[in-house]
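What follows is the content of target.txt, which has compact mmCIF, C-alpha atoms:
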```txt
# COMPACT_ATOMS: atom_id res chain seq x y z
CA GLY A 1 -69.82 -131.44 170.34
CA TRP A 2 -68.14 -128.23 171.39
CA ALA A 3 -64.71 -129.27 170.07
CA TYR A 4 -66.09 -130.43 166.70
CA THR A 5 -68.19 -127.29 166.37
CA LEU A 6 -65.09 -125.16 166.94
CA THR A 7 -63.06 -127.38 164.62
CA THR A 8 -65.66 -126.90 161.90
CA GLY A 9 -65.51 -123.14 162.43
CA SER A 10 -61.74 -123.33 162.20
CA VAL A 11 -61.93 -125.24 158.92
CA LEU A 12 -64.30 -122.65 157.47
CA ALA A 13 -61.97 -119.81 158.50
CA TRP A 14 -58.99 -121.64 156.98
CA THR A 15 -60.99 -122.11 153.77
CA ILE A 16 -61.46 -118.35 153.48
CA TYR A 17 -57.82 -117.76 154.40
CA GLY A 18 -56.68 -120.09 151.59
CA TYR A 19 -59.08 -118.43 149.16
CA LYS A 20 -57.79 -114.96 150.05
CA LYS A 21 -54.20 -116.20 149.61
CA GLY A 22 -55.12 -117.66 146.21
CA LEU A 23 -54.05 -121.19 147.14
CA VAL A 24 -56.59 -123.34 145.32
CA ALA A 25 -55.40 -126.72 146.66
CA PHE A 26 -55.48 -125.35 150.21
CA TYR A 27 -59.03 -124.03 150.15
CA VAL A 28 -60.41 -126.95 148.14
CA ALA A 29 -58.91 -129.34 150.71
CA HIS A 30 -60.58 -127.32 153.46
CA ILE A 31 -63.93 -127.37 151.64
CA ILE A 32 -63.69 -131.18 151.55
CA THR A 33 -62.69 -131.19 155.22
CA ALA A 34 -65.66 -128.94 156.03
CA PHE A 35 -68.03 -131.50 154.51
CA ILE A 36 -66.43 -134.17 156.71
CA CYS A 37 -66.73 -131.95 159.78
CA PHE A 38 -70.38 -131.22 159.04
CA SER A 39 -71.08 -134.94 158.68
CA ILE A 40 -69.42 -135.58 162.06
CA LEU A 41 -71.47 -132.77 163.57
CA GLY A 42 -74.60 -134.26 162.02
CA HIS A 43 -73.78 -137.62 163.58
CA LEU A 44 -73.06 -136.05 166.97
CA TYR A 45 -76.33 -134.15 166.77
CA GLY A 46 -78.19 -137.33 165.85
CA VAL A 47 -76.90 -139.19 168.91
CA ALA A 48 -76.84 -136.22 171.29
CA LYS A 49 -78.91 -136.52 174.43
CA LEU A 50 -79.06 -132.77 174.80
CA ARG A 51 -79.73 -131.52 171.29
CA ILE A 52 -80.48 -128.05 172.54
CA LYS A 53 -76.90 -127.89 173.85
CA MET A 54 -75.55 -128.82 170.40
CA GLU A 55 -77.80 -126.19 168.83
CA LEU A 56 -76.46 -123.57 171.24
CA TYR A 57 -72.88 -124.55 170.38
CA ALA A 58 -73.64 -124.15 166.67
CA ILE A 59 -75.37 -120.79 167.17
CA ILE A 60 -72.63 -119.34 169.40
CA VAL A 61 -69.70 -120.58 167.32
CA GLY A 62 -71.43 -119.86 164.01
CA LEU A 63 -72.52 -116.33 164.83
CA ALA A 64 -69.12 -115.43 166.27
CA LEU A 65 -67.42 -116.86 163.18
CA LEU A 66 -69.80 -115.07 160.83
CA PHE A 67 -69.23 -111.75 162.62
CA LEU A 68 -65.44 -112.14 162.63
CA LEU A 69 -65.18 -113.22 159.00
CA LEU A 70 -67.52 -110.49 157.74
CA ARG A 71 -65.99 -107.77 159.87
CA TYR A 72 -62.34 -108.83 159.53
CA PRO A 73 -61.97 -111.00 156.40
CA GLY A 74 -58.27 -110.20 156.17
CA TYR A 75 -57.73 -111.83 159.54
CA SER A 76 -59.38 -115.15 158.64
CA GLY A 77 -56.12 -117.00 159.31
CA TRP A 78 -55.93 -115.60 162.81
CA VAL A 79 -59.60 -116.48 163.34
CA GLY A 80 -58.79 -120.03 162.19
CA LEU A 81 -55.88 -120.12 164.63
CA SER A 82 -58.11 -118.94 167.50
CA TYR A 83 -60.79 -121.52 166.73
CA THR A 84 -58.13 -124.25 166.44
CA ILE A 85 -56.80 -123.38 169.90
CA LEU A 86 -60.29 -123.18 171.40
CA ALA A 87 -61.14 -126.59 169.91
CA ARG A 88 -58.24 -128.15 171.85
CA ILE A 89 -59.51 -126.90 175.23
CA PRO A 90 -62.15 -129.65 175.70
CA GLN A 91 -59.49 -132.29 175.00
CA PHE A 92 -57.25 -130.89 177.71
CA LYS A 93 -60.19 -130.56 180.07
CA HIS A 94 -60.80 -134.31 179.73
CA LEU A 95 -57.08 -134.97 179.88
CA LEU A 96 -56.64 -133.13 183.17
CA THR A 97 -59.93 -133.97 184.90
CA ASP A 98 -60.93 -137.46 183.66
CA LYS A 99 -57.44 -138.80 182.93
CA ASN A 100 -58.68 -139.91 179.53
CA ILE A 101 -59.26 -138.29 176.20
CA ARG A 102 -62.68 -139.15 174.86
CA GLY A 103 -63.01 -140.24 171.27
CA VAL A 104 -59.35 -139.73 170.43
CA SER A 105 -57.00 -142.62 169.80
CA SER A 106 -53.23 -142.58 169.97
CA LEU A 107 -53.21 -143.53 166.27
CA SER A 108 -55.23 -140.42 165.40
CA GLN A 109 -52.78 -138.29 167.39
CA LEU A 110 -49.85 -139.82 165.49
CA LEU A 111 -51.56 -139.09 162.17
CA LEU A 112 -52.25 -135.52 163.31
CA ILE A 113 -48.57 -135.07 164.17
CA ILE A 114 -47.57 -136.23 160.68
CA ALA A 115 -50.17 -133.95 159.07
CA ASP A 116 -48.99 -131.02 161.19
CA ILE A 117 -45.37 -131.55 160.11
CA PHE A 118 -46.44 -131.30 156.46
CA THR A 119 -48.65 -128.32 157.27
CA ILE A 120 -45.73 -126.50 158.90
CA ILE A 121 -43.55 -127.12 155.84
CA TYR A 122 -46.36 -125.96 153.52
CA SER A 123 -47.15 -122.85 155.54
CA LEU A 124 -43.51 -121.85 155.83
CA HIS A 125 -43.07 -122.25 152.07
CA TYR A 126 -46.09 -120.05 151.29
CA GLY A 127 -45.49 -117.53 154.09
CA MET A 128 -48.61 -118.23 156.16
CA PRO A 129 -47.74 -117.28 159.78
CA PRO A 130 -51.19 -118.01 161.32
CA LEU A 131 -51.19 -121.49 159.82
CA THR A 132 -47.60 -122.14 160.94
CA ILE A 133 -48.43 -121.16 164.53
CA SER A 134 -51.65 -123.18 164.45
CA ALA A 135 -49.88 -126.30 163.19
CA ILE A 136 -47.10 -125.94 165.77
CA ILE A 137 -49.66 -125.62 168.58
CA ALA A 138 -51.66 -128.58 167.27
CA MET A 139 -48.53 -130.71 166.88
CA THR A 140 -47.29 -129.81 170.35
CA SER A 141 -50.70 -130.65 171.77
CA SER A 142 -50.74 -134.05 170.03
CA LEU A 143 -47.17 -134.77 171.14
CA PHE A 144 -48.16 -134.00 174.73
CA ILE A 145 -51.17 -136.31 174.50
CA MET A 146 -48.97 -139.08 173.02
CA PHE A 147 -46.46 -138.55 175.83
CA MET A 148 -49.22 -138.85 178.44
CA VAL A 149 -50.49 -142.05 176.80
CA ALA A 150 -46.94 -143.46 176.64
CA LYS A 151 -46.32 -142.88 180.34
CA LYS A 152 -49.81 -144.28 181.05
CA SER A 153 -51.08 -141.12 182.67
CA LEU A 154 -54.30 -141.42 180.70
CA ARG A 155 -56.24 -144.08 178.83
CA ALA A 156 -56.26 -144.10 175.05
CA TYR A 157 -59.16 -145.66 173.15
CA ASN A 158 -57.13 -147.99 170.92
```
Could you write out this file's structure as structure tokens?
Amino acid sequence: GWAYTLTTGSVLAWTIYGYKKGLVAFYVAHIITAFICFSILGHLYGVAKLRIKMELYAIIVGLALLFLLLRYPGYSGWVGLSYTILARIPQFKHLLTDKNIRGVSSLSQLLLIIADIFTIIYSLHYGMPPLTISAIIAMTSSLFIMFMVAKKSLRAYN
């Protein structure tokens, strides 16, 4: 829940970043992605054993995001980058402590790597440093997870 809540916050920040940059395709894509993220959050909430925990995640992440985007709208890309990085922390926690990565398949990591390559190209073309850094970090993270799966240091779910 925590990772998806942060991911949703990241998507919302990237939506505002794209809007401020005037890149219609970018922010429309993120609006669509936000709907997907909210549906995943809704599903996670529906099956959560500790709903109060999910509600706390949403309140903490949401209020922090609201404050940052209202106070510093020009830094929405950097806020998106921060939320993207924070969303990866639970994955690495599971990676290092449980020796598995819950709910993430090696196929999804491969697709993320491909998407990140295109995102890097796009962000370099339009001069979007926060997005470039975010995509590089996300791609490196996915490559590391794929490497760990390949050397059988952790269990993948597919």
Check the smallest atom-to-atom distance from each of A:Phe92, A:Phe118, A:Phe144, A:Tyr75 to Ile16 in chain A using all atoms listed in the file, then report the winner.
-> A:Tyr75
A:Val24, A:Leu81, A:Ala13, A:Leu6: which is nearest Val61 in chain A, counting only C-alpha atoms?
->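 The closest residue to Val61 in chain A is A:Leu6.
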A:Gly46, A:Leu95, A:Ala138, A:Ala29 ranked by distance to Ile113 in chain A, top pick (using all atoms listed in the file) |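 Smallest separation from Ile113 in chain A among the options: A:Ala138.
What separates CA of Gln91 in chain A from CA of Ile114 in chain A is a distance of 19.0 Å.
Straight-line separation from CA of Ile117 in chain A to CA of Val11 in chain A: 17.8 Å.
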Output file request: range 5-148 of chain A, with C-alpha atoms, as a compact mmCIF listing (two decimals), in the first residue's frame.
```txt
# COMPACT_ATOMS: atom_id res chain seq x y z
CA THR A 5 0.32 5.44 -2.43
CA LEU A 6 3.69 7.08 -3.10
CA THR A 7 3.54 6.06 -6.75
CA THR A 8 0.13 7.69 -7.07
CA GLY A 9 1.51 10.85 -5.47
CA SER A 10 4.39 10.75 -7.91
CA VAL A 11 2.03 10.44 -10.87
CA LEU A 12 0.01 13.42 -9.65
CA ALA A 13 3.18 15.52 -9.28
CA TRP A 14 4.33 14.49 -12.77
CA THR A 15 0.90 15.47 -14.12
CA ILE A 16 1.34 18.99 -12.76
CA TYR A 17 4.93 19.09 -14.01
CA GLY A 18 3.78 18.19 -17.55
CA TYR A 19 0.99 20.75 -17.35
CA LYS A 20 3.40 23.50 -16.27
CA LYS A 21 5.76 22.53 -19.11
CA GLY A 22 2.85 22.68 -21.57
CA LEU A 23 3.29 19.08 -22.74
CA VAL A 24 -0.28 17.95 -23.32
CA ALA A 25 0.51 14.32 -24.19
CA PHE A 26 2.66 14.02 -21.07
CA TYR A 27 0.10 15.28 -18.58
CA VAL A 28 -2.84 13.52 -20.26
CA ALA A 29 -0.90 10.24 -20.07
CA HIS A 30 -0.29 10.90 -16.38
CA ILE A 31 -3.97 11.67 -15.77
CA ILE A 32 -4.82 8.28 -17.29
CA THR A 33 -2.08 6.67 -15.18
CA ALA A 34 -3.47 8.38 -12.07
CA PHE A 35 -6.86 6.75 -12.69
CA ILE A 36 -5.11 3.38 -12.93
CA CYS A 37 -3.16 4.06 -9.73
CA PHE A 38 -6.32 5.08 -7.89
CA SER A 39 -8.04 1.88 -9.02
CA ILE A 40 -5.09 -0.17 -7.73
CA LEU A 41 -5.23 1.74 -4.45
CA GLY A 42 -8.97 1.09 -4.28
CA HIS A 43 -8.36 -2.62 -4.77
CA LEU A 44 -5.59 -2.67 -2.16
CA TYR A 45 -7.86 -0.84 0.26
CA GLY A 46 -10.67 -3.29 -0.42
CA VAL A 47 -8.51 -6.30 0.43
CA ALA A 48 -6.44 -4.65 3.17
CA LYS A 49 -6.55 -6.25 6.58
CA LEU A 50 -5.50 -3.02 8.23
CA ARG A 51 -7.56 -0.38 6.48
CA ILE A 52 -6.60 2.23 9.03
CA LYS A 53 -2.98 1.76 7.95
CA MET A 54 -3.94 2.40 4.31
CA GLU A 55 -5.89 5.47 5.38
CA LEU A 56 -2.86 6.79 7.26
CA TYR A 57 -0.67 6.24 4.20
CA ALA A 58 -3.12 8.20 2.06
CA ILE A 59 -3.39 11.03 4.59
CA ILE A 60 0.38 11.36 5.12
CA VAL A 61 1.34 11.09 1.46
CA GLY A 62 -1.61 13.19 0.28
CA LEU A 63 -1.15 16.04 2.74
CA ALA A 64 2.60 16.20 2.12
CA LEU A 65 1.98 16.22 -1.64
CA LEU A 66 -0.71 18.87 -1.35
CA PHE A 67 1.55 21.09 0.76
CA LEU A 68 4.53 20.69 -1.58
CA LEU A 69 2.55 21.28 -4.76
CA LEU A 70 0.70 24.31 -3.38
CA ARG A 71 3.77 25.84 -1.78
CA TYR A 72 6.28 24.98 -4.52
CA PRO A 73 4.38 24.37 -7.79
CA GLY A 74 7.46 25.15 -9.85
CA TYR A 75 9.24 22.22 -8.25
CA SER A 76 6.57 19.64 -9.09
CA GLY A 77 9.08 17.64 -11.14
CA TRP A 78 11.44 17.39 -8.20
CA VAL A 79 8.50 16.41 -5.97
CA GLY A 80 7.64 13.70 -8.50
CA LEU A 81 11.26 12.53 -8.44
CA SER A 82 11.26 12.38 -4.63
CA TYR A 83 8.00 10.41 -4.51
CA THR A 84 9.30 8.05 -7.22
CA ILE A 85 12.42 7.33 -5.16
CA LEU A 86 10.43 6.89 -1.95
CA ALA A 87 8.07 4.47 -3.72
CA ARG A 88 11.04 2.20 -4.53
CA ILE A 89 12.10 1.88 -0.87
CA PRO A 90 9.49 -0.78 0.07
CA GLN A 91 10.60 -2.89 -2.91
CA PHE A 92 14.20 -2.81 -1.75
CA LYS A 93 13.14 -3.51 1.82
CA HIS A 94 11.49 -6.73 0.63
CA LEU A 95 14.42 -7.43 -1.66
CA LEU A 96 16.98 -7.20 1.13
CA THR A 97 14.99 -8.67 4.04
CA ASP A 98 12.63 -11.27 2.51
CA LYS A 99 14.73 -12.20 -0.52
CA ASN A 100 11.65 -11.72 -2.68
CA ILE A 101 9.85 -8.82 -4.23
CA ARG A 102 6.16 -8.98 -3.51
CA GLY A 103 3.72 -8.41 -6.32
CA VAL A 104 6.38 -7.63 -8.91
CA SER A 105 7.21 -9.99 -11.74
CA SER A 106 10.36 -10.06 -13.80
CA LEU A 107 8.19 -9.33 -16.86
CA SER A 108 6.90 -6.12 -15.25
CA GLN A 109 10.49 -5.09 -14.48
CA LEU A 110 11.47 -5.68 -18.12
CA LEU A 111 8.53 -3.57 -19.31
CA LEU A 112 9.50 -0.83 -16.84
CA ILE A 113 13.06 -0.83 -18.21
CA ILE A 114 11.74 -0.39 -21.75
CA ALA A 115 9.37 2.39 -20.63
CA ASP A 116 12.21 4.11 -18.75
CA ILE A 117 14.44 4.05 -21.85
CA PHE A 118 11.71 5.86 -23.82
CA THR A 119 11.12 8.23 -20.90
CA ILE A 120 14.82 9.13 -20.79
CA ILE A 121 14.83 9.87 -24.52
CA TYR A 122 11.63 11.95 -24.19
CA SER A 123 12.85 13.89 -21.17
CA LEU A 124 16.22 14.64 -22.74
CA HIS A 125 14.50 15.89 -25.90
CA TYR A 126 12.21 18.24 -23.95
CA GLY A 127 14.83 19.30 -21.37
CA MET A 128 13.20 17.81 -18.27
CA PRO A 129 16.05 17.09 -15.79
CA PRO A 130 13.87 15.81 -12.90
CA LEU A 131 12.18 13.32 -15.20
CA THR A 132 15.51 12.21 -16.70
CA ILE A 133 16.97 11.56 -13.24
CA SER A 134 13.80 9.80 -12.10
CA ALA A 135 13.76 7.51 -15.14
CA ILE A 136 17.45 6.69 -14.75
CA ILE A 137 16.94 5.80 -11.08
CA ALA A 138 13.86 3.71 -11.89
CA MET A 139 15.64 1.93 -14.74
CA THR A 140 18.70 1.23 -12.60
CA SER A 141 16.46 -0.10 -9.86
CA SER A 142 14.63 -2.42 -12.28
CA LEU A 143 17.92 -3.59 -13.80
CA PHE A 144 19.20 -4.42 -10.32
CA ILE A 145 16.03 -6.39 -9.52
CA MET A 146 16.32 -8.26 -12.85
CA PHE A 147 19.97 -9.03 -12.08
CA MET A 148 19.02 -10.39 -8.65
```
